[in-house]
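Participant: Just dropping this structure here.
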Amino acid sequence: MSEQNESNEEEFKFFGLGGCNEVGRSCHILEYKNKVIMLDCGMHPALSGHASFPFFDEYDLSKVDILLISHFHVDHSASLPYVMQQSNFKGKVFMTHATKAIYRWLMQDFVRVTSIGNSRNESGGSGSDEGGNLYTDDDIFKSFDRIETIDYHSTMEIDGIRFTAYHAGHVLGACMYFIEIGGLKILFTGDYSREENRHLQAAEVPPVRPDILVIESTFGTGTLEPKAELEKKLTSHIHATVTRGGRVLLPVFALGNAQELLLILEEYWEKNEDLHNVSVYYCSDLARKCMAVYETYTGIMNDNIRLSSSGNSKKSNPFEFKYIKSIKNLSKFSDLGPSVVVATPGMLQAGVSRQLLEKWAPEQKNLVIMTGYSVEGTMAKEILKEPQVIQSSTNPDLSIPRRIGVEEISFAAHVDFQQNSEFIDKVSPSKIILVHGDSVPMGRLKSALLSKYSLKKGTDKEVKVYNPRNCEELRIAFKGLKIAKILGSLAEEQLSMLKAEIQSHINSEEEKITEVEDEDEEMNVEEGEQKKDNVSVDTFKPGQIVSGVLVSKDFDLNLVQLQDLNEFSQLSTSIVKSKINLKIYADISLMIWHLEQMFGYINIINDDDEEWECIIMDSVDVFIDKSKGPGLHIVVEWINDNLVADSLADSIIAILYSIDSSPASVKLTSAHHHHHAKEEETYTTDDDIEARIKKVSLLLKAQFGDALNNLPDYSSTITIGKNVAHINYRNLQVECSSKVLKDRIENIIKRGCLLSAPLSIPSKIK
């Protein structure tokens with residue numbers, strides 16, 4: 001899909017490699033002004049092998065300049081080692097410090113536990129390259145060293161691409177990216193939450209309005225229950241189950257809402273003494289390693305965590321649990337009596353959570369509570385349908401009866417429709433691209449947003465909403481606005497003008513206040529102050545010409561004077577002088593005559609026995625070495641600082657080359673050698689005054705074209721821009737406020753007089 005535009009240079013392109021009209025394998029490409037950004041590169045948790053990857057074959061990854069990872073979840077970051085080590089990707093990768101700290105352990109566990117190969121399962125094996133794995137531990141280690149980090153609220157600039165990270169809530173280290181390319185502003189939310197929970201602050205609203213918002217649509221138009229009600233429902237179900245001797249399974253992602261659930265359970269166990277003999281386990285290989293990361297990064301969590309971690313309380317870190325035990329695997333789990341197990345992975349595809357589900361499924365007193373978002377095609381989604389039997393993950397032919405209770409109490413840290421809609425209103429984009437949502441809820445969200453903004457349709461405030469599918473290119477036209485900054489002495493000059501104009505306004509207003517002060521002092525002081533407040537001063541006026549050097553770098557335009565070029569751009573300047581040597585067979589007087597016929601006046605600065613030199617129109621130097629012969633050995637030099645000097649030099653060289661063959665040269669040379677008897681006579685002409693005027697007028701017409709306007713009273717006008725020259729052919733006088741234009745016209749008239757009546761040039765022109 002696309003919008004019409006006049007120039008491809010101003011066309012924004014969005015291309016989804018994954019996560020479009022689906023949840024999983026999020027990966028989006030942004031293109032603008034030949035810059036390419038990739039947003040996230042995850043894997044689909046319900047698929048395996050290459051099928052779980054985004055559609056990398058549909059795009060040339062070598063074009064990507066920057067890859068921005070929003071957070072560490074598998075569906076947003078798990079294909080990163082493959083992209084960095086086994087594709088033609090050459091760009092830079094950025095994520096927050098906390099995301100990078102967790103990413104390494106998460107990816108190692110993903111290789112070990114998850115079936116990312118063609119023949120591996122979630123519980124099998126150790127290593128890194130068995131069963132055709134798509135990447136190895138070695139790929140993870142090598143890619144890890146190339147990942148760069150970004151702080152929240154810090155802006156980085158890479159090759160003209162600026163991006164800033166803002167808190168997104170969702171999980172520790174998750175961020176939104178505010179991106180600017182050539183003046184176009186884009187906000188990518190990733191997964192975000194607008195509710196502050198027990199350890200994370202809510203997603204921020206960036207202070208600058210984006211042109212394009214790329215936003216998640218996980219829950220579409222759905223509405224989530226308040227956190228307080230969810231917590232009450234969760235603890236009530238757990239308490240009731242363990243009281244009757246049952247076991248509770250909470251499948252979770254290793255990191256994210258797992259930490260939120262652990263904080264809730266720790267607080268609830270603290271308040272209920274009858275539960276102190278019931279064990280709570282957090283079962284994950286990542287538990288110990290990543291909980292240390294959570295303990296380290298309390299500084300980027302919400303105020304409650306930061307205050308409790310300040311060291312003033314006995315328990316300085318909220319993640320040092322009293323009632324929750326961390327275990328690596330089920331070998332250390334004693335399945336006797338009631339218990340609560342928070343286990344990974346969250347989609348119940350395999351691993352500890354799947355083992356416990358299959359073990360506890362036949363007993364009716366047990367309970368499984370789904371606390372996160374369940375992706376289509378996973379056991380997590382299937383169990384919500386409460387099937388009669390479930391298939392064994394290790395033996396497809398074995399069916400296990402399902403009598404275990406199933407509850408869905410979603411603590412997924414995403415926004416619902418109301419939160420999403422309010423956030424969109426606050427950032428106020430003109431274009432919205434929906435991602436990270438199944439097609440049905442995403443379609444409903446699009447319809448709801450279009451309906452909400454229907455009154456703006458057809459106006460300059462119209463809001464457009466897009467929901468492209470994977471591998472469907474979206475093109476949006478934008479009119480680029482180019483703004484140049486004035487720097488250095490040119491800026492100082494404008495600042496001086498601004499100060500002078502402001503002072504002039506102030507003086508003017510003070511005079512007005514003084515004049516009326518005697519009539520009504522109090523009233524007019526107030527009016528004067530109000531007038532001062534309303535003073536508006538612009539240093540530049542429409543159409544004003546500002547001269548300088550325009551320097552372009554990564555979409556930034558800076559206007560500076562030549563002497564400031566090195567200071568503000570690290571560019572150096574040099575003077576280029578051109579020189580040409582030529583030889584003609586004529587004498588100097590004949591050469592002077594030809595040059596004067598063209599330019600009217602030449603400035604002879606040296607004429608002695610050895611050298612002759614002149615400067616023409618202060619630009620081109622003509623030098624003759626008289627000691628060389630025969631003929632004239634001429635050197636023409638000029639500085640290549642503008643097109644005028646180059647054109648002038650070309651004209652001079654053309655004249656010099658034509659001297660030998662010019663009819664006028666032959667005539668003048670012949671008269672000089674034969675000393676005609678009538679040499680001192682005054683030439684006469686039979687042309688009348690009108691014929692002479694016509695010849696001069698034709699010469700002016702050849703020089704000035706349509707700028708010449710002949711009048712019936714033996715006069716003409718020449719208009720060049722704002723300058724108007726008046727010519728009187730009777731006395732050959734020229735009136736013009738521009739000295740440059742006046743001198744040019746007088747030289748042409750002088751030349752015309754030589755052609756029409758050579759020896760009758762009025763003294764006014766001589």
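To be explicit about the labels: the chains of the structure tokens are called A, B, and onward in the order shown, and within each one the residues are counted from 1, while ligands get numbers from 1 in the order they are shown.
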As a list in words, list the residues of range 539-568 of chain A assigned to alpha helix (DSSP H) by DSSP on the backbone atoms of this structure.

Facilitator: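 Residues of range 539-568 of chain A classed as alpha helix (DSSP H): Leu565, Asn566, Glu567 and Phe568 of chain A.
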
Participant: Counting only C-alpha atoms, what is within 12 Å of Ala228 in chain A, bar same-chain residues fewer than 5 positions away, as a PyMOL selection string?

Facilitator: chain A and resi 195-198+233-235+264+409+411

Participant: Per DSSP on the backbone, filter range 117-350 of chain A down to the residues in strand (DSSP E or B) and report them as number ranges by chain.

Facilitator: A: 147-150, 152, 155-158, 161-167, 175-181, 184-188, 212-216, 247-251, 279-283, 324-327, 339-343

Participant: May I have the residues from that selection written out with C-alpha atoms, as a compact mmCIF listing (two decimals), in the first residue's frame?

Facilitator:
```txt
# COMPACT_ATOMS: atom_id res chain seq x y z
CA ILE A 147 26.00 -4.89 21.17
CA GLU A 148 26.11 -1.24 22.26
CA THR A 149 24.05 0.22 25.11
CA ILE A 150 21.98 3.35 25.51
CA TYR A 152 17.26 6.25 29.22
CA THR A 155 20.10 10.78 22.58
CA MET A 156 22.55 9.07 20.26
CA GLU A 157 23.34 10.03 16.68
CA ILE A 158 24.71 7.53 14.18
CA ILE A 161 19.98 8.95 12.64
CA ARG A 162 19.05 10.29 16.09
CA PHE A 163 17.32 8.08 18.64
CA THR A 164 16.35 8.47 22.29
CA ALA A 165 15.27 5.76 24.76
CA TYR A 166 12.27 6.26 27.08
CA HIS A 167 10.84 4.00 29.79
CA CYS A 175 12.23 1.04 26.25
CA MET A 176 10.50 3.02 23.57
CA TYR A 177 12.62 4.57 20.84
CA PHE A 178 12.02 8.10 19.57
CA ILE A 179 13.77 8.26 16.20
CA GLU A 180 14.52 11.22 13.95
CA ILE A 181 15.76 10.91 10.36
CA LEU A 184 10.94 12.97 10.22
CA LYS A 185 10.06 11.86 13.77
CA ILE A 186 9.03 8.27 14.57
CA LEU A 187 8.05 6.74 17.91
CA PHE A 188 8.28 2.95 18.33
CA ILE A 212 4.60 8.41 12.81
CA LEU A 213 3.68 6.15 15.73
CA VAL A 214 4.51 2.43 15.48
CA ILE A 215 2.50 0.95 18.34
CA GLU A 216 1.54 -2.44 19.77
CA ARG A 247 -0.84 -27.56 43.83
CA VAL A 248 -0.74 -24.32 41.79
CA LEU A 249 1.24 -23.91 38.58
CA LEU A 250 2.01 -20.40 37.32
CA PRO A 251 3.66 -20.64 33.86
CA SER A 279 6.36 -23.76 49.87
CA VAL A 280 6.60 -21.33 46.95
CA TYR A 281 9.17 -22.12 44.27
CA TYR A 282 10.58 -20.13 41.40
CA CYS A 283 11.84 -22.82 39.08
CA ILE A 324 10.18 -18.01 47.89
CA LYS A 325 12.84 -20.55 47.02
CA SER A 326 14.72 -20.48 43.72
CA ILE A 327 15.54 -23.84 42.18
CA SER A 339 2.79 -25.97 46.88
CA VAL A 340 2.98 -23.07 44.43
CA VAL A 341 5.44 -23.24 41.54
CA VAL A 342 6.24 -20.28 39.31
CA ALA A 343 7.85 -22.05 36.34
```

Participant: Expressed in Å to a single decimal, how great is the separation between CA of Lys583 in chain A and CA of Leu643 in chain A?

Facilitator: 25.3 Å

Participant: Can you pull out the residues contacting Asn467 in chain A? Cut-off 8 Å, using only C-alpha atoms, and skip same-chain residues under 5 positions away; I want them as a ChimeraX atom specification.

Facilitator: /A:20-21,433-435,442-443,446

Participant: Between CA of Leu632 in chain A and CA of Ala586 in chain A, what is the distance, to one decimal in Å?

Facilitator: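 Here the two named atoms are 6.8 Å from each other.
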
Participant: What's the separation between CA of Glu266 in chain A and CA of Lys322 in chain A, in Å to one decimal place?

Facilitator: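 Computed distance, CA of Glu266 in chain A to CA of Lys322 in chain A, equals 7.3 Å.
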